[in-house]
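Chemist: File follows, start-v2.csv with CSV, C-alpha atoms (C1' of nucleotides):
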```
chain,number,residue,atom,x,y,z
A,1,MET,CA,22.0,27.4,47.1
A,2,LEU,CA,19.9,30.2,48.5
A,3,LYS,CA,21.4,33.6,48.1
A,4,LYS,CA,22.2,35.7,51.1
A,5,LYS,CA,19.7,38.4,51.8
A,6,ILE,CA,20.5,42.2,52.1
A,7,VAL,CA,17.8,44.7,52.8
A,8,PHE,CA,17.9,48.5,52.2
A,9,LEU,CA,15.5,51.0,53.6
A,10,LEU,CA,15.8,54.4,51.9
A,11,GLY,CA,13.9,57.7,51.8
A,12,PRO,CA,14.2,61.4,52.3
A,13,THR,CA,15.2,63.0,55.5
A,14,GLY,CA,12.5,63.0,58.2
A,15,ILE,CA,10.3,60.4,56.7
A,16,GLY,CA,10.7,58.1,59.6
A,17,LYS,CA,13.2,55.4,58.4
A,18,SER,CA,14.9,54.9,61.8
A,19,ALA,CA,11.9,53.7,63.7
A,20,VAL,CA,10.7,51.5,61.0
A,21,ALA,CA,14.1,50.0,60.7
A,22,ILE,CA,14.4,49.0,64.3
A,23,SER,CA,11.0,47.4,64.2
A,24,LEU,CA,11.8,45.5,61.0
A,25,ALA,CA,15.3,44.5,62.3
A,26,LYS,CA,13.6,42.6,65.2
A,27,LYS,CA,11.3,40.7,62.9
A,28,ILE,CA,14.0,39.5,60.5
A,29,ASN,CA,16.9,39.1,62.8
A,30,ALA,CA,18.9,41.9,61.3
A,31,GLU,CA,21.4,44.4,62.4
A,32,ILE,CA,21.3,48.0,61.1
A,33,ILE,CA,24.1,49.5,59.0
A,34,SER,CA,23.6,53.2,58.8
A,35,CYS,CA,23.8,54.7,55.3
A,36,ASP,CA,24.2,58.3,56.2
A,37,SER,CA,27.1,60.5,55.6
A,38,MET,CA,26.5,62.7,58.6
A,39,GLN,CA,25.3,60.3,61.3
A,40,VAL,CA,28.7,58.6,61.2
A,41,TYR,CA,29.9,61.5,63.2
A,42,ARG,CA,30.0,61.5,67.0
A,43,LYS,CA,28.8,64.6,68.9
A,44,MET,CA,26.3,65.4,66.2
A,45,ASN,CA,23.2,63.8,67.7
A,46,ILE,CA,20.5,66.5,67.7
A,47,LEU,CA,21.8,67.9,64.5
A,48,THR,CA,21.4,64.7,62.6
A,49,SER,CA,18.4,63.3,64.4
A,50,LYS,CA,20.2,60.2,65.5
A,51,VAL,CA,18.2,57.4,67.2
A,52,SER,CA,18.6,57.4,71.0
A,53,GLY,CA,21.1,55.2,72.8
A,54,GLU,CA,18.2,53.3,74.3
A,55,GLN,CA,16.9,52.3,70.9
A,56,ARG,CA,20.4,51.5,69.8
A,57,ARG,CA,20.6,49.0,72.6
A,58,LYS,CA,17.7,47.1,71.3
A,59,ILE,CA,19.2,46.6,67.8
A,60,LYS,CA,22.8,47.0,67.0
A,61,HIS,CA,23.6,50.0,64.7
A,62,HIS,CA,26.8,50.1,62.7
A,63,LEU,CA,28.6,53.1,61.3
A,64,LEU,CA,26.6,55.4,63.5
A,65,SER,CA,28.7,57.7,65.7
A,66,SER,CA,31.8,55.8,64.6
A,67,ILE,CA,34.1,58.7,63.9
A,68,ASP,CA,35.1,62.0,65.3
A,69,PRO,CA,33.8,65.2,63.7
A,70,SER,CA,37.4,66.3,63.2
A,71,GLN,CA,38.0,63.4,60.8
A,72,GLU,CA,37.4,63.5,57.1
A,73,TYR,CA,35.2,60.8,55.7
A,74,ASN,CA,34.2,59.7,52.2
A,75,VAL,CA,32.3,57.1,50.2
A,76,ALA,CA,35.2,54.8,49.7
A,77,GLN,CA,35.9,54.5,53.3
A,78,TYR,CA,32.2,54.0,54.0
A,79,ARG,CA,31.9,51.3,51.4
A,80,GLN,CA,34.9,49.4,52.7
A,81,GLU,CA,33.7,49.5,56.3
A,82,ALA,CA,30.1,48.7,55.4
A,83,LEU,CA,31.0,45.6,53.3
A,84,SER,CA,33.2,44.3,56.0
A,85,ILE,CA,30.4,44.6,58.5
A,86,CYS,CA,28.2,42.8,56.0
A,87,ASP,CA,30.5,39.8,56.0
A,88,LYS,CA,30.6,39.7,59.8
A,89,LEU,CA,26.8,39.7,59.9
A,90,PHE,CA,26.5,36.9,57.4
A,91,ARG,CA,28.9,34.8,59.6
A,92,LYS,CA,26.6,35.5,62.5
A,93,LEU,CA,23.6,34.5,60.3
A,94,LYS,CA,22.2,38.0,60.6
A,95,ILE,CA,20.7,40.1,57.8
A,96,PRO,CA,22.4,43.4,57.0
A,97,LEU,CA,19.7,46.1,57.0
A,98,PHE,CA,21.0,49.3,55.4
A,99,VAL,CA,19.1,52.4,56.5
A,100,GLY,CA,19.7,55.9,55.4
A,101,GLY,CA,19.3,58.7,52.9
A,102,THR,CA,22.7,59.2,51.4
A,103,GLY,CA,22.2,58.2,47.8
A,104,LEU,CA,25.8,58.0,46.8
A,105,TYR,CA,26.7,55.7,49.7
A,106,TYR,CA,23.8,53.5,48.9
A,107,SER,CA,24.7,53.3,45.2
A,108,THR,CA,28.3,52.4,45.8
A,109,ILE,CA,27.1,49.5,48.0
A,110,VAL,CA,24.6,48.2,45.5
A,111,ASP,CA,26.3,49.0,42.2
A,112,GLY,CA,29.9,49.2,43.3
A,113,LEU,CA,32.6,51.8,43.3
A,114,PHE,CA,35.0,52.0,40.3
A,115,PRO,CA,38.6,51.5,41.1
A,116,ALA,CA,40.1,55.0,41.4
A,117,VAL,CA,42.7,56.8,43.5
A,118,PRO,CA,42.0,58.6,46.7
A,119,GLN,CA,42.2,62.4,46.7
A,120,ASP,CA,45.7,63.8,46.4
A,121,LYS,CA,46.1,66.9,48.5
A,122,LEU,CA,48.9,68.3,46.4
A,123,ILE,CA,47.3,67.9,43.1
A,124,ARG,CA,44.1,69.2,44.5
A,125,ALA,CA,45.7,72.3,45.9
A,126,LYS,CA,47.2,73.0,42.6
A,127,LEU,CA,44.0,72.6,40.7
A,128,GLU,CA,42.1,74.7,43.3
A,129,LYS,CA,44.7,77.5,42.8
A,130,GLN,CA,44.2,77.3,39.0
A,131,LEU,CA,40.5,77.5,39.5
A,132,LYS,CA,40.8,80.7,41.5
A,133,GLN,CA,43.3,82.3,39.2
A,134,LYS,CA,42.0,81.2,35.8
A,135,GLY,CA,38.4,80.3,36.4
A,136,ASN,CA,36.4,77.2,35.7
A,137,LYS,CA,36.4,77.6,32.0
A,138,TYR,CA,40.1,77.1,31.9
A,139,LEU,CA,40.0,73.9,33.9
A,140,TYR,CA,37.1,72.7,31.8
A,141,ARG,CA,39.0,73.2,28.6
A,142,ARG,CA,41.9,71.4,30.1
A,143,LEU,CA,39.7,68.4,30.9
A,144,SER,CA,38.2,68.5,27.5
A,145,LYS,CA,41.6,67.9,26.0
A,146,LEU,CA,42.6,65.2,28.5
A,147,ASP,CA,39.3,63.3,28.8
A,148,ALA,CA,36.7,64.4,26.4
A,149,ASP,CA,34.2,61.8,27.5
A,150,ALA,CA,34.3,62.9,31.1
A,151,ALA,CA,34.0,66.6,30.1
A,152,LYS,CA,30.9,65.8,28.1
A,153,LYS,CA,29.2,64.5,31.2
A,154,ILE,CA,30.3,67.4,33.5
A,155,HIS,CA,28.8,70.9,33.3
A,156,PRO,CA,31.5,73.6,32.9
A,157,ASN,CA,30.4,75.2,36.1
A,158,ASP,CA,30.7,72.1,38.2
A,159,ALA,CA,34.2,72.8,39.4
A,160,ARG,CA,34.1,70.0,42.0
A,161,ARG,CA,33.7,67.3,39.4
A,162,ILE,CA,36.1,68.9,36.9
A,163,ILE,CA,38.8,68.9,39.6
A,164,ARG,CA,38.2,65.3,40.6
A,165,ALA,CA,38.3,64.1,37.0
A,166,LEU,CA,41.6,66.0,36.4
A,167,GLU,CA,43.0,64.7,39.6
A,168,VAL,CA,42.4,61.1,38.6
A,169,TYR,CA,44.0,61.6,35.3
A,170,LEU,CA,47.0,63.5,36.5
A,171,LYS,CA,47.7,61.0,39.2
A,172,THR,CA,47.2,57.8,37.3
A,173,GLY,CA,47.4,58.6,33.6
A,174,THR,CA,44.1,56.9,33.2
A,175,ARG,CA,40.9,58.7,32.3
A,176,ILE,CA,38.2,58.7,34.9
A,177,SER,CA,35.7,58.0,32.1
A,178,GLU,CA,37.5,54.7,31.5
A,179,LEU,CA,37.6,53.8,35.2
A,180,GLN,CA,33.9,54.6,35.6
A,181,LYS,CA,33.0,51.6,33.4
A,182,LYS,CA,34.4,49.2,35.9
A,183,ARG,CA,31.9,48.7,38.6
A,184,VAL,CA,30.8,45.5,40.2
A,185,GLY,CA,27.5,45.4,42.1
A,186,LEU,CA,25.9,43.1,44.6
A,187,ASP,CA,23.1,41.6,42.5
A,188,GLN,CA,25.0,38.6,41.4
A,189,GLN,CA,25.9,37.2,44.8
A,190,TYR,CA,23.0,38.4,47.0
A,191,GLU,CA,19.3,38.7,47.1
A,192,VAL,CA,18.9,42.4,47.4
A,193,ASN,CA,15.6,44.0,48.6
A,194,ILE,CA,15.3,47.7,48.4
A,195,PHE,CA,12.5,49.7,50.0
A,196,GLY,CA,11.8,53.4,49.9
A,197,LEU,CA,9.6,55.4,52.2
A,198,ASN,CA,7.9,58.5,50.9
A,199,SER,CA,4.8,60.7,51.3
A,200,ASP,CA,3.2,63.6,49.6
A,201,ARG,CA,5.5,66.6,49.3
A,202,GLN,CA,3.5,68.9,51.5
A,203,ILE,CA,3.3,66.3,54.3
A,204,LEU,CA,7.1,65.6,54.1
A,205,TYR,CA,7.9,69.3,54.2
A,206,ASN,CA,5.7,69.8,57.3
A,207,ILE,CA,7.5,67.0,59.0
A,208,ILE,CA,10.9,68.5,58.1
A,209,ASN,CA,9.9,72.0,59.3
A,210,GLN,CA,8.7,70.6,62.6
A,211,ARG,CA,11.7,68.5,63.0
A,212,VAL,CA,14.0,71.5,62.9
A,213,ASP,CA,11.8,73.2,65.5
A,214,ARG,CA,12.2,70.2,67.7
A,215,MET,CA,16.0,70.3,67.3
A,216,PHE,CA,16.1,73.7,68.8
A,217,ALA,CA,13.9,72.6,71.6
A,218,LEU,CA,16.2,69.7,72.3
A,219,GLY,CA,19.2,72.0,72.6
A,220,LEU,CA,20.7,72.2,69.1
A,221,ILE,CA,22.4,75.5,69.8
A,222,GLY,CA,24.4,74.1,72.7
A,223,GLU,CA,25.4,71.1,70.7
A,224,VAL,CA,26.6,73.1,67.7
A,225,LYS,CA,28.5,75.6,70.0
A,226,ARG,CA,30.3,72.6,71.5
A,227,LEU,CA,31.1,71.3,68.1
A,228,LEU,CA,32.5,74.6,66.9
A,229,LYS,CA,35.0,74.7,69.7
A,230,CYS,CA,37.0,72.0,67.9
A,231,LYS,CA,38.2,72.1,64.3
A,232,LEU,CA,35.5,70.3,62.2
A,233,SER,CA,36.6,68.3,59.2
A,234,GLN,CA,35.5,69.6,55.8
A,235,THR,CA,32.9,66.8,55.6
A,236,ALA,CA,31.4,67.2,59.0
A,237,GLN,CA,31.1,70.9,58.4
A,238,CYS,CA,28.6,70.2,55.7
A,239,ALA,CA,25.9,69.1,58.0
A,240,ILE,CA,22.8,71.3,57.6
A,241,GLY,CA,22.7,73.5,60.6
A,242,ILE,CA,26.4,74.2,61.0
A,243,ARG,CA,26.7,76.9,58.4
A,244,GLU,CA,23.3,78.3,59.2
A,245,LEU,CA,24.0,78.7,62.9
A,246,LYS,CA,27.5,80.1,62.3
A,247,GLY,CA,25.8,83.0,60.6
A,248,TYR,CA,23.6,83.6,63.6
A,249,PHE,CA,26.5,83.2,66.1
A,250,SER,CA,28.6,85.8,64.2
A,251,GLY,CA,25.6,88.2,64.2
A,252,GLN,CA,24.9,88.1,60.5
A,253,TYR,CA,21.2,87.4,61.1
A,254,SER,CA,18.7,86.5,63.7
A,255,LEU,CA,18.0,83.1,65.2
A,256,ALA,CA,14.6,83.0,63.4
A,257,GLU,CA,16.5,83.5,60.1
A,258,ALA,CA,18.9,80.7,61.0
A,259,LYS,CA,16.0,78.4,61.6
A,260,ARG,CA,14.3,79.4,58.4
A,261,LEU,CA,17.4,78.7,56.4
A,262,MET,CA,17.8,75.3,58.1
A,263,GLN,CA,14.3,74.4,57.2
A,264,ARG,CA,14.6,75.5,53.6
A,265,ASN,CA,17.9,73.8,53.1
A,266,SER,CA,16.6,70.6,54.6
A,267,ARG,CA,13.6,70.7,52.2
A,268,HIS,CA,15.9,71.2,49.3
A,269,TYR,CA,18.0,68.4,50.5
A,270,ALA,CA,15.0,66.1,50.7
A,271,LYS,CA,14.1,67.0,47.2
A,272,ARG,CA,17.5,66.1,45.9
A,273,GLN,CA,17.4,62.8,47.7
A,274,LEU,CA,14.1,62.0,46.0
A,275,THR,CA,15.4,62.9,42.6
A,276,TRP,CA,18.3,60.4,43.2
A,277,PHE,CA,16.1,57.6,44.5
A,278,LYS,CA,13.2,58.0,42.1
A,279,LYS,CA,15.2,57.0,39.0
A,280,ASP,CA,16.3,53.8,40.7
A,281,LYS,CA,13.6,51.4,39.5
A,282,ARG,CA,14.7,48.6,41.9
A,283,ILE,CA,13.2,50.5,44.8
A,284,LYS,CA,9.8,49.3,46.1
A,285,TRP,CA,8.0,52.4,47.4
A,286,ILE,CA,5.8,52.5,50.4
A,287,ASN,CA,3.6,55.6,50.7
A,288,ILE,CA,2.9,56.8,54.2
A,289,ASN,CA,0.5,59.6,53.8
A,290,LYS,CA,-1.9,58.3,56.4
A,291,LYS,CA,-1.0,58.0,60.0
A,292,VAL,CA,0.5,54.6,60.5
A,293,SER,CA,2.8,53.4,63.2
A,294,PRO,CA,6.4,52.4,62.4
A,295,ALA,CA,5.5,48.9,63.5
A,296,GLN,CA,2.7,48.6,61.0
A,297,ILE,CA,5.0,49.7,58.2
A,298,ALA,CA,7.6,47.3,59.3
A,299,THR,CA,5.0,44.5,59.2
A,300,LYS,CA,4.2,45.5,55.7
A,301,LEU,CA,7.8,45.3,54.6
A,302,TRP,CA,8.3,42.0,56.4
A,303,LYS,CA,5.5,40.5,54.4
A,304,LYS,CA,7.0,41.7,51.2
A,305,LEU,CA,10.3,40.0,52.2
A,306,SER,CA,8.9,36.6,52.8
B,1,G,C1',-18.9,109.5,55.1
B,2,C,C1',-14.6,112.3,53.2
B,3,C,C1',-9.3,112.5,51.5
B,4,G,C1',-5.0,109.9,49.8
B,5,A,C1',-2.3,105.4,48.3
B,6,G,C1',-2.8,100.7,46.2
B,7,A,C1',-4.9,96.2,43.5
B,8,U,C1',0.6,92.6,38.2
B,9,A,C1',3.6,85.0,39.1
B,10,G,C1',2.5,81.2,45.5
B,11,C,C1',4.8,85.8,48.4
B,12,U,C1',7.2,90.9,48.2
B,13,C,C1',7.4,94.1,44.5
B,14,A,C1',9.5,96.6,39.5
B,15,G,C1',8.2,98.3,34.7
B,16,U,C1',6.0,99.6,29.9
B,17,G,C1',0.7,102.7,24.8
B,18,G,C1',2.4,97.4,21.0
B,19,U,C1',-0.5,91.3,25.6
B,20,A,C1',5.1,91.7,31.3
B,21,G,C1',9.9,91.0,34.6
B,22,A,C1',13.3,90.6,39.6
B,23,G,C1',14.2,88.5,44.4
B,24,C,C1',12.4,84.8,47.5
B,25,G,C1',9.5,80.4,47.4
B,26,C,C1',8.4,76.4,44.5
B,27,G,C1',9.0,72.5,40.7
B,28,G,C1',12.2,69.4,37.5
B,29,C,C1',17.1,67.3,36.8
B,30,C,C1',22.5,65.8,37.1
B,31,C,C1',25.6,63.1,40.3
B,32,U,C1',31.2,57.6,41.6
B,33,G,C1',36.8,59.2,46.9
B,34,A,C1',33.7,66.6,50.4
B,35,A,C1',27.4,63.9,48.7
B,36,A,C1',23.1,67.0,54.5
B,37,A,C1',28.2,68.7,49.5
B,38,G,C1',28.4,70.6,44.4
B,39,G,C1',26.2,71.8,39.7
B,40,C,C1',22.1,72.7,35.7
B,41,C,C1',17.2,74.0,33.9
B,42,G,C1',12.1,76.2,34.6
B,43,G,C1',7.5,82.2,34.9
B,44,C,C1',0.6,82.3,29.4
B,45,G,C1',0.4,85.2,34.8
B,46,U,C1',-8.2,85.7,33.0
B,47,G,C1',-2.0,92.3,34.8
B,48,G,C1',-9.3,93.2,40.7
B,49,G,C1',-14.7,93.6,37.7
B,50,G,C1',-17.1,96.6,33.9
B,51,G,C1',-17.0,100.5,30.4
B,52,G,C1',-14.5,104.4,27.3
B,53,U,C1',-10.3,106.7,24.2
B,54,C,C1',-7.0,104.5,20.6
B,55,C,C1',-5.2,100.7,14.9
B,56,G,C1',-3.8,98.7,19.7
B,57,A,C1',-4.2,99.2,27.0
B,58,U,C1',-1.5,95.9,31.9
B,59,U,C1',0.1,101.0,30.9
B,60,C,C1',-4.5,106.9,29.7
B,61,C,C1',-9.8,108.3,31.3
B,62,C,C1',-14.6,107.0,34.0
B,63,U,C1',-17.0,103.7,37.3
B,64,C,C1',-17.7,99.7,40.7
B,65,U,C1',-15.5,96.3,44.4
B,66,C,C1',-11.8,95.3,47.8
B,67,U,C1',-7.2,96.5,50.9
B,68,C,C1',-4.2,100.0,53.6
B,69,G,C1',-3.3,104.9,55.8
B,70,G,C1',-5.3,109.7,57.4
B,71,C,C1',-9.6,112.8,58.8
B,72,A,C1',-14.3,112.7,60.9
```
Starting from the file, lay out its structure as structure tokens.
Modeler:
Amino acid sequence: MLKKKIVFLLGPTGIGKSAVAISLAKKINAEIISCDSMQVYRKMNILTSKVSGEQRRKIKHHLLSSIDPSQEYNVAQYRQEALSICDKLFRKLKIPLFVGGTGLYYSTIVDGLFPAVPQDKLIRAKLEKQLKQKGNKYLYRRLSKLDADAAKKIHPNDARRIIRALEVYLKTGTRISELQKKRVGLDQQYEVNIFGLNSDRQILYNIINQRVDRMFALGLIGEVKRLLKCKLSQTAQCAIGIRELKGYFSGQYSLAEAKRLMQRNSRHYAKRQLTWFKKDKRIKWININKKVSPAQIATKLWKKLS
RNA sequence: GCCGAGAUAGCUCAGUGGUAGAGCGCGGCCCUGAAAAGGCCGGCGUGGGGGGUCCGAUUCCCUCUCUCGGCA
């Protein structure tokens, strides 16, 4: 029996995934599942460079603008929702086309998520308190005693991961390093095709800088002001542009500085994305240094699929 | 033309008679329930050109070139 097909389109921020995806989706009878930790949020349209409503009407986009910015969100929730959408699409004989740049979300779809516990507010609050009072060295030593294997993989300064590892152990009595071995990926049941879009660094950086300029021209300031009127979730707050503009609103620095910071942080983000994707040898890369239309790239991808 | 200041990492600059740092930028990497987050690592650079003093000069002296400021 022929395996069901799943397609991924990955790449750094600004590279032009969205337009290519829509074009490709039409050719292969696919619907798009966004793989982006920030575009899931409503009311963050300019900020996250979401595709327009008009384009969304042409091809159905899932997990895009699906939750309110006041809500917390995380990988586990994403994975569950995304996989359930996948099933629905298969039943409609459609191909799921995952598009986005959030490496972690992508990896939990393709390679699975090990069975763990959700975050526990109480345990976390306690650990955060200890972190503040006794420092990260203390927490790290504690982890070394409880789960030496996990500690070996985590840097002593990486408080976030130390806390998570401790949390899992304290809650379940099982070491996170044990749980991490239990992952189930997609490869067995599906035909997985993974594409990556990339270009020379300098070209990418120019695109990113220009994109930030365009955000301001489109009314970014108004959008962020509106967002800040409500209480944003910890996750939504992390979108590049929120922190940077807050500094400007509170008079810490000029608008030009806020823009500069947004551009820089976006460039750094793109670099981290590439580091994540580059080591995944399953990705087939398409370089788009020369000016080519999204449709042309989509055609290229379509040929590689059939 | 004269006077003064300067010429050191991609940028802004610090410092020293025994061949050099700091911030920013940039590059590389890690990553499993906050991931657009969080964390780690990385500086041999013809010290503007030439000459001199010295065991030794980026550091002192001379000269040339260039840049900036002031006076004409």
Chemist: Sort by chain and increasing residue number a table of all residues of chain B within 10 Å of chain A, each with its closest pair of atoms and their distance in Å to one decimal, counting only C-alpha atoms (C1' of nucleotides), and write it as a tab-separated table.
Modeler:
```
residue	atom	partner	partner_atom	distance
B:G25	C1'	A:Arg264	CA	9.4
B:G27	C1'	A:Lys271	CA	9.9
B:G28	C1'	A:Thr275	CA	8.9
B:C29	C1'	A:Thr275	CA	7.5
B:C30	C1'	A:Ile154	CA	8.7
B:C31	C1'	A:Leu104	CA	8.3
B:U32	C1'	A:Leu113	CA	6.2
B:G33	C1'	A:Pro118	CA	5.2
B:A34	C1'	A:Thr235	CA	5.3
B:A35	C1'	A:Leu104	CA	6.4
B:A36	C1'	A:Ala239	CA	4.9
B:A37	C1'	A:Cys238	CA	6.4
B:G38	C1'	A:Arg160	CA	6.2
B:G39	C1'	A:Asp158	CA	4.8
B:C40	C1'	A:His155	CA	7.3
```
Chemist: Measure the distance from atom CA of Leu64 of chain A to atom CA of Lys50 of chain A in Å and round it to one decimal.
Modeler: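 Distance reported for this atom pair: 8.2 Å.
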Chemist: At a cut-off of 9 Å, using only C-alpha atoms (C1' of nucleotides), what residues contact segment 52-56 of chain B? Leave out same-chain residues fewer than 2 positions from it and give the result as a PDB file with C-alpha atoms (C1' of nucleotides), keeping the file's coordinate frame.
Modeler:
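See around23.pdb below for the written result:
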```pdb
ATOM      1  C1'   G B  17       0.700 102.700  24.800  1.00  0.00           C
ATOM      2  C1'   G B  18       2.400  97.400  21.000  1.00  0.00           C
ATOM      3  C1'   C B  60      -4.500 106.900  29.700  1.00  0.00           C
ATOM      4  C1'   C B  61      -9.800 108.300  31.300  1.00  0.00           C
ATOM      5  C1'   C B  62     -14.600 107.000  34.000  1.00  0.00           C
TER       6        C B  62
END
```
Chemist: B:G21, B:C68, B:U59, B:G47: which is nearest U8 of chain B, counting all atoms listed in the file?
Modeler: B:G47
Chemist: State, in Å with one decimal place, the distance from atom CA of Cys35 of chain A to atom CA of Gln55 of chain A.
Modeler: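 Value for the atom CA of Cys35 of chain A-atom CA of Gln55 of chain A distance: 17.2 Å.
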Chemist: Considering all atoms listed in the file, can you say which of A:Val7, A:Val212, A:Val110, A:Leu146 comes closest to Gln188 of chain A?
Modeler: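 Of all the options, A:Val110 lies closest to Gln188 of chain A.
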Chemist: Report as a PyMOL selection string all protein, DNA and RNA residues lying within 10 Å of Glu81 of chain A, evaluated on only C-alpha atoms (C1' of nucleotides), omitting residues in the same chain fewer than 6 positions from it.
Modeler: chain A and resi 33+62-63+75
Chemist: How many Å lie between atom CA of Arg282 of chain A and atom CA of Val192 of chain A, rounded to one decimal?
Modeler: 9.3 Å
Chemist: Give me the residues within 12 Å of U65 of chain B as a count of residues only, counting only C-alpha atoms (C1' of nucleotides) and dropping any in the same chain fewer than 3 places off.
Modeler: 4
Chemist: For segment 9-16 of chain B, list every protein, DNA or RNA residue within 9 Å, evaluated using only C-alpha atoms (C1' of nucleotides), and leave out those in the same chain fewer than 2 positions away; present the list as a list in words.
Modeler: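 Near segment 9-16 of chain B, the qualifying residues are A20, G21, A22, G23, C24, G25, C26, G43, G45, U58 and U59 of chain B.
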Chemist: N, CA and C atoms are needed for segment 203-218 of chain A; please write them out as a PDB file, keeping the file's coordinate frame.
Modeler:
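Output saved as selection39.pdb:
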```pdb
ATOM      1  N   ILE A 203       3.246  66.979  53.045  1.00  0.00           N
ATOM      2  CA  ILE A 203       3.300  66.300  54.300  1.00  0.00           C
ATOM      3  C   ILE A 203       4.808  66.178  54.752  1.00  0.00           C
ATOM      4  N   LEU A 204       5.638  65.770  53.809  1.00  0.00           N
ATOM      5  CA  LEU A 204       7.100  65.600  54.100  1.00  0.00           C
ATOM      6  C   LEU A 204       7.652  66.965  54.578  1.00  0.00           C
ATOM      7  N   TYR A 205       7.306  68.029  53.856  1.00  0.00           N
ATOM      8  CA  TYR A 205       7.900  69.300  54.200  1.00  0.00           C
ATOM      9  C   TYR A 205       7.396  69.781  55.595  1.00  0.00           C
ATOM     10  N   ASN A 206       6.161  69.470  55.946  1.00  0.00           N
ATOM     11  CA  ASN A 206       5.700  69.800  57.300  1.00  0.00           C
ATOM     12  C   ASN A 206       6.501  69.055  58.339  1.00  0.00           C
ATOM     13  N   ILE A 207       6.742  67.782  58.084  1.00  0.00           N
ATOM     14  CA  ILE A 207       7.500  67.000  59.000  1.00  0.00           C
ATOM     15  C   ILE A 207       8.918  67.598  59.194  1.00  0.00           C
ATOM     16  N   ILE A 208       9.518  67.955  58.073  1.00  0.00           N
ATOM     17  CA  ILE A 208      10.900  68.500  58.100  1.00  0.00           C
ATOM     18  C   ILE A 208      10.910  69.818  58.904  1.00  0.00           C
ATOM     19  N   ASN A 209       9.948  70.697  58.623  1.00  0.00           N
ATOM     20  CA  ASN A 209       9.900  72.000  59.300  1.00  0.00           C
ATOM     21  C   ASN A 209       9.763  71.755  60.851  1.00  0.00           C
ATOM     22  N   GLN A 210       8.875  70.834  61.213  1.00  0.00           N
ATOM     23  CA  GLN A 210       8.700  70.600  62.600  1.00  0.00           C
ATOM     24  C   GLN A 210       9.882  69.944  63.278  1.00  0.00           C
ATOM     25  N   ARG A 211      10.567  69.128  62.487  1.00  0.00           N
ATOM     26  CA  ARG A 211      11.700  68.500  63.000  1.00  0.00           C
ATOM     27  C   ARG A 211      12.824  69.488  63.397  1.00  0.00           C
ATOM     28  N   VAL A 212      12.974  70.494  62.561  1.00  0.00           N
ATOM     29  CA  VAL A 212      14.000  71.500  62.900  1.00  0.00           C
ATOM     30  C   VAL A 212      13.545  72.285  64.138  1.00  0.00           C
ATOM     31  N   ASP A 213      12.259  72.573  64.259  1.00  0.00           N
ATOM     32  CA  ASP A 213      11.800  73.200  65.500  1.00  0.00           C
ATOM     33  C   ASP A 213      12.164  72.362  66.704  1.00  0.00           C
ATOM     34  N   ARG A 214      11.947  71.064  66.584  1.00  0.00           N
ATOM     35  CA  ARG A 214      12.200  70.200  67.700  1.00  0.00           C
ATOM     36  C   ARG A 214      13.730  70.163  68.038  1.00  0.00           C
ATOM     37  N   MET A 215      14.570  70.231  67.018  1.00  0.00           N
ATOM     38  CA  MET A 215      16.000  70.300  67.300  1.00  0.00           C
ATOM     39  C   MET A 215      16.384  71.417  68.181  1.00  0.00           C
ATOM     40  N   PHE A 216      15.787  72.565  67.922  1.00  0.00           N
ATOM     41  CA  PHE A 216      16.100  73.700  68.800  1.00  0.00           C
ATOM     42  C   PHE A 216      15.604  73.489  70.182  1.00  0.00           C
ATOM     43  N   ALA A 217      14.409  72.901  70.290  1.00  0.00           N
ATOM     44  CA  ALA A 217      13.900  72.600  71.600  1.00  0.00           C
ATOM     45  C   ALA A 217      14.731  71.649  72.387  1.00  0.00           C
ATOM     46  N   LEU A 218      15.377  70.760  71.675  1.00  0.00           N
ATOM     47  CA  LEU A 218      16.200  69.700  72.300  1.00  0.00           C
ATOM     48  C   LEU A 218      17.599  70.248  72.690  1.00  0.00           C
TER      49      LEU A 218
END
```
